[in-house]
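What's in input_0.cif: mmCIF, C-alpha atoms
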data_start
loop_
_atom_site.label_atom_id
_atom_site.label_comp_id
_atom_site.auth_asym_id
_atom_site.auth_seq_id
_atom_site.Cartn_x
_atom_site.Cartn_y
_atom_site.Cartn_z
CA MET A 2 -15.93 13.37 7.36
CA ILE A 3 -14.49 14.75 10.56
CA GLU A 4 -10.74 15.34 10.27
CA ASP A 5 -10.05 16.37 13.82
CA SER A 6 -11.54 15.75 17.22
CA HIS A 7 -11.68 19.32 18.44
CA PRO A 8 -14.83 20.48 20.21
CA ALA A 9 -15.14 23.25 17.64
CA SER A 10 -15.64 20.72 14.82
CA ASP A 11 -18.19 18.83 16.93
CA GLU A 12 -20.06 22.10 17.44
CA ARG A 13 -19.95 22.84 13.69
CA LEU A 14 -21.34 19.37 12.94
CA ALA A 15 -24.06 19.80 15.54
CA GLY A 16 -24.87 23.17 14.01
CA LEU A 17 -25.15 21.64 10.56
CA THR A 18 -27.40 18.78 11.67
CA GLY A 19 -29.48 21.28 13.62
CA ARG A 20 -30.09 23.32 10.47
CA ILE A 21 -31.05 20.33 8.36
CA ARG A 22 -34.64 20.00 9.43
CA PHE A 23 -37.50 19.09 7.22
CA HIS A 24 -40.93 20.38 8.00
CA ASP A 25 -42.53 16.97 7.79
CA VAL A 26 -39.96 15.11 9.98
CA PRO A 27 -40.80 15.02 13.68
CA ALA A 28 -38.12 16.49 15.95
CA ALA A 29 -37.69 13.21 17.87
CA LEU A 30 -37.00 11.31 14.63
CA HIS A 31 -34.60 14.01 13.49
CA ASP A 32 -32.69 13.76 16.78
CA ARG A 33 -32.59 9.96 16.55
CA LEU A 34 -31.23 10.09 13.00
CA ALA A 35 -28.62 12.67 14.01
CA GLY A 36 -27.56 10.32 16.83
CA LEU A 37 -27.21 7.45 14.36
CA PHE A 38 -25.12 9.69 12.13
CA TYR A 39 -22.74 10.51 15.00
CA ALA A 40 -22.53 6.83 16.00
CA ALA A 41 -21.72 5.74 12.42
CA ALA A 42 -19.14 8.45 11.78
CA PRO A 43 -15.61 7.06 11.94
CA ALA A 44 -13.71 8.04 15.04
CA PRO A 45 -10.77 10.27 14.23
CA SER A 46 -7.49 8.45 14.56
CA ALA A 47 -4.30 9.90 15.87
CA PRO A 48 -1.68 10.50 13.21
CA ARG A 49 0.85 7.70 13.04
CA LEU A 50 4.40 8.71 13.77
CA ARG A 51 7.03 7.54 11.33
CA GLN A 52 10.33 6.30 12.65
CA ARG A 53 13.40 7.46 10.73
CA ILE A 54 16.42 5.14 10.84
CA GLU A 55 19.84 5.76 9.30
CA ALA A 56 21.12 2.60 7.63
CA ALA A 57 24.70 1.51 8.21
CA LEU A 58 26.86 0.33 5.31
CA ARG A 59 27.83 -3.29 6.05
CA ALA A 60 29.49 -4.32 2.79
CA ASP A 61 30.77 -2.49 -0.28
CA GLY A 62 31.97 -4.48 -3.26
CA PHE A 63 33.58 -1.40 -4.81
CA GLY A 64 36.50 -2.13 -7.12
CA GLY A 65 35.54 -5.68 -7.96
CA LEU A 66 37.61 -7.57 -10.51
CA VAL A 67 36.69 -7.36 -14.17
CA LEU A 68 37.47 -10.33 -16.39
CA ALA A 69 39.73 -9.55 -19.33
CA GLY A 70 37.71 -9.39 -22.53
CA ALA A 71 34.38 -9.19 -20.68
CA ARG A 72 31.71 -7.13 -22.40
CA GLY A 73 31.44 -3.57 -21.11
CA GLY A 74 34.68 -3.90 -19.19
CA GLU A 75 33.19 -2.28 -16.09
CA ALA A 76 32.32 -3.96 -12.83
CA SER A 77 29.13 -3.54 -10.91
CA ARG A 78 29.19 -2.53 -7.28
CA GLN A 79 27.32 -4.45 -4.57
CA LEU A 80 26.23 -2.60 -1.41
CA LEU A 81 24.58 -3.93 1.73
CA PHE A 82 22.96 -1.56 4.23
CA THR A 83 21.37 -2.53 7.57
CA ALA A 84 18.90 -0.60 9.73
CA ALA A 85 17.13 -2.25 12.68
CA ASP A 86 15.42 -5.34 11.21
CA VAL A 87 15.70 -4.17 7.58
CA ASP A 88 18.50 -4.96 5.13
CA VAL A 89 18.80 -3.17 1.80
CA THR A 90 20.91 -4.62 -1.00
CA ILE A 91 21.83 -2.39 -3.93
CA GLN A 92 23.68 -3.26 -7.10
CA VAL A 93 25.16 -0.26 -8.91
CA GLN A 94 25.91 -0.75 -12.60
CA PRO A 95 27.33 1.72 -15.08
CA GLY A 96 24.76 3.14 -17.44
CA ALA A 97 25.06 5.29 -20.51
CA SER A 98 27.47 8.21 -20.52
CA GLU A 99 27.92 9.56 -16.98
CA THR A 100 24.94 7.65 -15.53
CA ALA A 101 24.36 4.58 -13.38
CA HIS A 102 21.59 2.05 -12.73
CA LEU A 103 20.49 0.88 -9.28
CA ASP A 104 18.81 -2.47 -8.64
CA GLY A 105 17.76 -2.95 -5.04
CA MET A 106 15.85 -5.16 -2.66
CA VAL A 107 14.47 -4.50 0.81
CA LEU A 108 14.71 -7.56 3.07
CA HIS A 109 13.02 -7.93 6.47
CA ALA A 110 14.31 -10.00 9.39
CA ASP A 111 10.91 -11.68 9.81
CA GLY A 112 11.07 -12.93 6.20
CA VAL A 113 7.75 -11.32 5.26
CA ASP A 114 7.76 -9.46 1.93
CA ARG A 115 6.32 -5.96 2.00
CA GLN A 116 5.63 -3.36 -0.63
CA GLY A 117 6.97 0.11 0.07
CA SER A 118 8.30 3.13 -1.72
CA VAL A 119 11.69 4.60 -2.55
CA ARG A 120 12.48 8.30 -2.71
CA VAL A 121 15.77 9.29 -4.38
CA GLU A 122 17.29 12.56 -3.14
CA ARG A 123 20.26 14.58 -4.35
CA CYS A 124 21.40 17.64 -2.41
CA GLY A 125 18.15 17.55 -0.44
CA GLU A 126 15.98 17.60 -3.58
CA VAL A 127 13.75 14.68 -4.57
CA VAL A 128 14.79 13.50 -8.04
CA ALA A 129 12.69 10.32 -8.26
CA GLU A 130 9.96 8.43 -6.41
CA LEU A 131 8.85 4.89 -7.09
CA ALA A 132 7.09 1.95 -5.49
CA THR A 133 8.83 -1.32 -4.71
CA SER A 134 7.44 -4.57 -6.03
CA ASP A 135 5.40 -6.89 -3.83
CA VAL A 136 8.63 -8.59 -2.78
CA GLY A 137 10.51 -5.34 -2.10
CA THR A 138 12.57 -4.96 -5.27
CA PHE A 139 13.16 -1.69 -7.07
CA ARG A 140 14.98 -0.50 -10.18
CA ILE A 141 16.23 3.00 -10.96
CA ARG A 142 17.72 3.73 -14.36
CA ASP A 143 20.04 6.43 -15.74
CA LEU A 144 20.85 8.43 -12.60
CA PRO A 145 23.47 11.07 -13.43
CA ASN A 146 26.74 10.63 -11.56
CA GLY A 147 26.78 12.21 -8.10
CA ASP A 148 25.89 11.49 -4.49
CA TYR A 149 22.39 10.20 -3.73
CA THR A 150 20.42 9.32 -0.64
CA LEU A 151 17.58 6.80 -0.79
CA VAL A 152 14.69 7.00 1.66
CA ILE A 153 12.87 3.69 1.74
CA GLU A 154 9.40 3.87 3.30
CA VAL A 155 8.07 0.57 4.64
CA ASP A 156 5.29 0.30 7.22
CA ASP A 157 5.92 3.09 9.77
CA VAL A 158 9.66 3.28 9.11
CA ASP A 159 11.76 5.50 6.85
CA VAL A 160 15.12 3.79 6.23
CA VAL A 161 17.71 6.33 5.07
CA VAL A 162 20.37 4.78 2.84
CA GLY A 163 23.41 6.69 1.76
CA PRO A 164 24.88 8.79 0.57
CA ILE A 165 25.72 6.53 -2.35
CA GLU A 166 28.38 7.88 -4.70
CA LEU A 167 27.74 7.15 -8.35
CA SER A 168 30.68 7.66 -10.65
CA ARG A 169 32.53 5.86 -13.42
CA THR A 170 35.89 6.06 -11.67
#

Could I get this file's structure written as structure tokens?
Amino acid sequence: MIEDSHPASDERLAGLTGRIRFHDVPAALHDRLAGLFYAAAPAPSAPRLRQRIEAALRADGFGGLVLAGARGGEASRQLLFTAADVDVTIQVQPGASETAHLDGMVLHADGVDRQGSVRVERCGEVVAELATSDVGTFRIRDLPNGDYTLVIEVDDVDVVVGPIELSRT
């Protein structure tokens, strides 16, 4: 498989096909077969550029009311981020000691569901990577408290969400 379209690789390939000669194959047939090989080889494609978009926080349900006597006694936090034609909703819920859970969904303006991936970063380091469902949902469990950035990869776009502060206060 040819990985680049440089003349040097074409010369290497021509050199290889030139060396693969069998004594009982006529030169004209060999040349014809080599031509068929070149014609059938997939054309190298240009690398696709990814667009990186910073999402803007549109709504933050931080500090929601907790009903007296409700189990757990801690409210979840609803976040809505927007970037171009992509909305990302995230629900933050308290987890076990000093952790939180994130449940999210990636929504597209055209209404078409897409599968993508989510990369969770803390201080520039990747701490988790996961795929979204066919409808764009994702679930991350037991993230230690701290600030996180999510990079959501869908089609040719990286949507950067955050930082999201996770804490029990």

Margin query: Give me the residues near range 133-136 of chain A as number ranges by chain, where near means some atom within 6 Å (using all atoms listed in the file) and where sequence neighbours in that chain fewer than 6 positions away do not count.
Written below: A: 114-118

Item checked: Atom pair CA of Ala129 in chain A / CA of Leu151 in chain A: separation (Å) -> 9.6 Å

Evaluating the PyMOL selection byres ((chain A and resi 112) around 12) on the displayed file yields which residues, as a tab-separated table (two decimals) with C-alpha atoms, keeping the file's coordinate frame?
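Done, and the output landed in part_34.tsv:
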chain	number	residue	atom	x	y	z
A	86	ASP	CA	15.42	-5.34	11.21
A	87	VAL	CA	15.70	-4.17	7.58
A	88	ASP	CA	18.50	-4.96	5.13
A	107	VAL	CA	14.47	-4.50	0.81
A	108	LEU	CA	14.71	-7.56	3.07
A	109	HIS	CA	13.02	-7.93	6.47
A	110	ALA	CA	14.31	-10.00	9.39
A	111	ASP	CA	10.91	-11.68	9.81
A	113	VAL	CA	7.75	-11.32	5.26
A	114	ASP	CA	7.76	-9.46	1.93
A	115	ARG	CA	6.32	-5.96	2.00
A	136	VAL	CA	8.63	-8.59	-2.78
A	137	GLY	CA	10.51	-5.34	-2.10

Notebook entry, point to check: Val127 in chain A: which residues within 10 Å, counting only C-alpha atoms, same-chain residues fewer than 4 positions away excluded, as a list in words?
Noted result: Arg120, Val121, Glu122, Arg123, Tyr149, Thr150, Leu151 and Val152 of chain A

Next item on the list: Given the file shown, determine the residues that the PyMOL selection byres ((chain A and resi 161-170) around 10) selects; report them as a PyMOL selection string.
Entry: chain A and resi 53-58+64+75-76+78+80-84+89+91+93-96+98-103+119-124+144-154+158-160

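The gap separating CA of Asp104 in chain A from CA of Gln92 in chain A is 5.2 Å, in Å to one decimal.
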
Note to self: If I take CA of Ile141 in chain A and CA of Val155 in chain A, how far is one from the other in Å, to one decimal?
What the structure shows: 17.8 Å

Item checked: Given the PyMOL selection byres ((chain A and resi 61) around 6), the residues it picks as a VMD selection string -> chain A and resid 60 62 to 63 79 to 80

Next item on the list: Compare A:Asp156, A:Ala28, A:Ala97, A:Tyr39 by their minimum atom-to-atom distance to Gln52 in chain A, counting all atoms listed in the file, and give me the closest one.
Entry: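 Among A:Asp156, A:Ala28, A:Ala97, A:Tyr39, it is A:Asp156 that comes nearest to Gln52 in chain A.
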
Atoms are missing here; could range 142-165 of chain A be completed with N, CA and C atoms and written as a tab-separated table (two decimals), keeping the file's coordinate frame?
chain	number	residue	atom	x	y	z
A	142	ARG	N	16.87	3.68	-13.17
A	142	ARG	CA	17.72	3.73	-14.36
A	142	ARG	C	18.22	5.14	-14.64
A	143	ASP	N	19.44	5.20	-15.19
A	143	ASP	CA	20.04	6.43	-15.74
A	143	ASP	C	20.09	7.59	-14.75
A	144	LEU	N	20.61	7.33	-13.55
A	144	LEU	CA	20.85	8.43	-12.60
A	144	LEU	C	22.18	9.09	-12.97
A	145	PRO	N	22.20	10.39	-13.15
A	145	PRO	CA	23.47	11.07	-13.43
A	145	PRO	C	24.45	10.87	-12.28
A	146	ASN	N	25.73	10.82	-12.59
A	146	ASN	CA	26.74	10.63	-11.56
A	146	ASN	C	26.59	11.69	-10.48
A	147	GLY	N	26.87	11.30	-9.24
A	147	GLY	CA	26.78	12.21	-8.10
A	147	GLY	C	26.49	11.42	-6.84
A	148	ASP	N	26.22	12.12	-5.76
A	148	ASP	CA	25.89	11.49	-4.49
A	148	ASP	C	24.38	11.51	-4.29
A	149	TYR	N	23.83	10.35	-3.91
A	149	TYR	CA	22.39	10.20	-3.73
A	149	TYR	C	22.09	9.58	-2.38
A	150	THR	N	20.95	9.94	-1.84
A	150	THR	CA	20.42	9.32	-0.64
A	150	THR	C	19.08	8.69	-1.02
A	151	LEU	N	18.85	7.46	-0.57
A	151	LEU	CA	17.58	6.80	-0.79
A	151	LEU	C	16.82	6.77	0.53
A	152	VAL	N	15.55	7.12	0.50
A	152	VAL	CA	14.69	7.00	1.66
A	152	VAL	C	13.66	5.94	1.31
A	153	ILE	N	13.75	4.82	2.01
A	153	ILE	CA	12.87	3.69	1.74
A	153	ILE	C	11.79	3.67	2.81
A	154	GLU	N	10.54	3.83	2.38
A	154	GLU	CA	9.40	3.87	3.30
A	154	GLU	C	8.71	2.52	3.30
A	155	VAL	N	8.73	1.85	4.46
A	155	VAL	CA	8.07	0.57	4.64
A	155	VAL	C	7.37	0.60	5.99
A	156	ASP	N	6.09	0.26	6.00
A	156	ASP	CA	5.29	0.30	7.22
A	156	ASP	C	5.39	1.70	7.83
A	157	ASP	N	5.79	1.79	9.09
A	157	ASP	CA	5.92	3.09	9.77
A	157	ASP	C	7.37	3.53	9.89
A	158	VAL	N	8.23	3.02	9.01
A	158	VAL	CA	9.66	3.28	9.11
A	158	VAL	C	10.18	3.90	7.82
A	159	ASP	N	11.01	4.93	7.96
A	159	ASP	CA	11.76	5.50	6.85
A	159	ASP	C	13.21	5.08	7.05
A	160	VAL	N	13.73	4.23	6.15
A	160	VAL	CA	15.12	3.79	6.23
A	160	VAL	C	15.92	4.68	5.28
A	161	VAL	N	16.89	5.41	5.85
A	161	VAL	CA	17.71	6.33	5.07
A	161	VAL	C	19.00	5.62	4.68
A	162	VAL	N	19.21	5.49	3.38
A	162	VAL	CA	20.37	4.78	2.84
A	162	VAL	C	21.24	5.76	2.09
A	163	GLY	N	22.50	5.84	2.51
A	163	GLY	CA	23.41	6.69	1.76
A	163	GLY	C	24.12	7.67	2.63
A	164	PRO	N	24.85	8.53	2.01
A	164	PRO	CA	24.88	8.79	0.57
A	164	PRO	C	25.60	7.69	-0.21
A	165	ILE	N	25.12	7.48	-1.42
A	165	ILE	CA	25.72	6.53	-2.35
A	165	ILE	C	26.36	7.35	-3.46
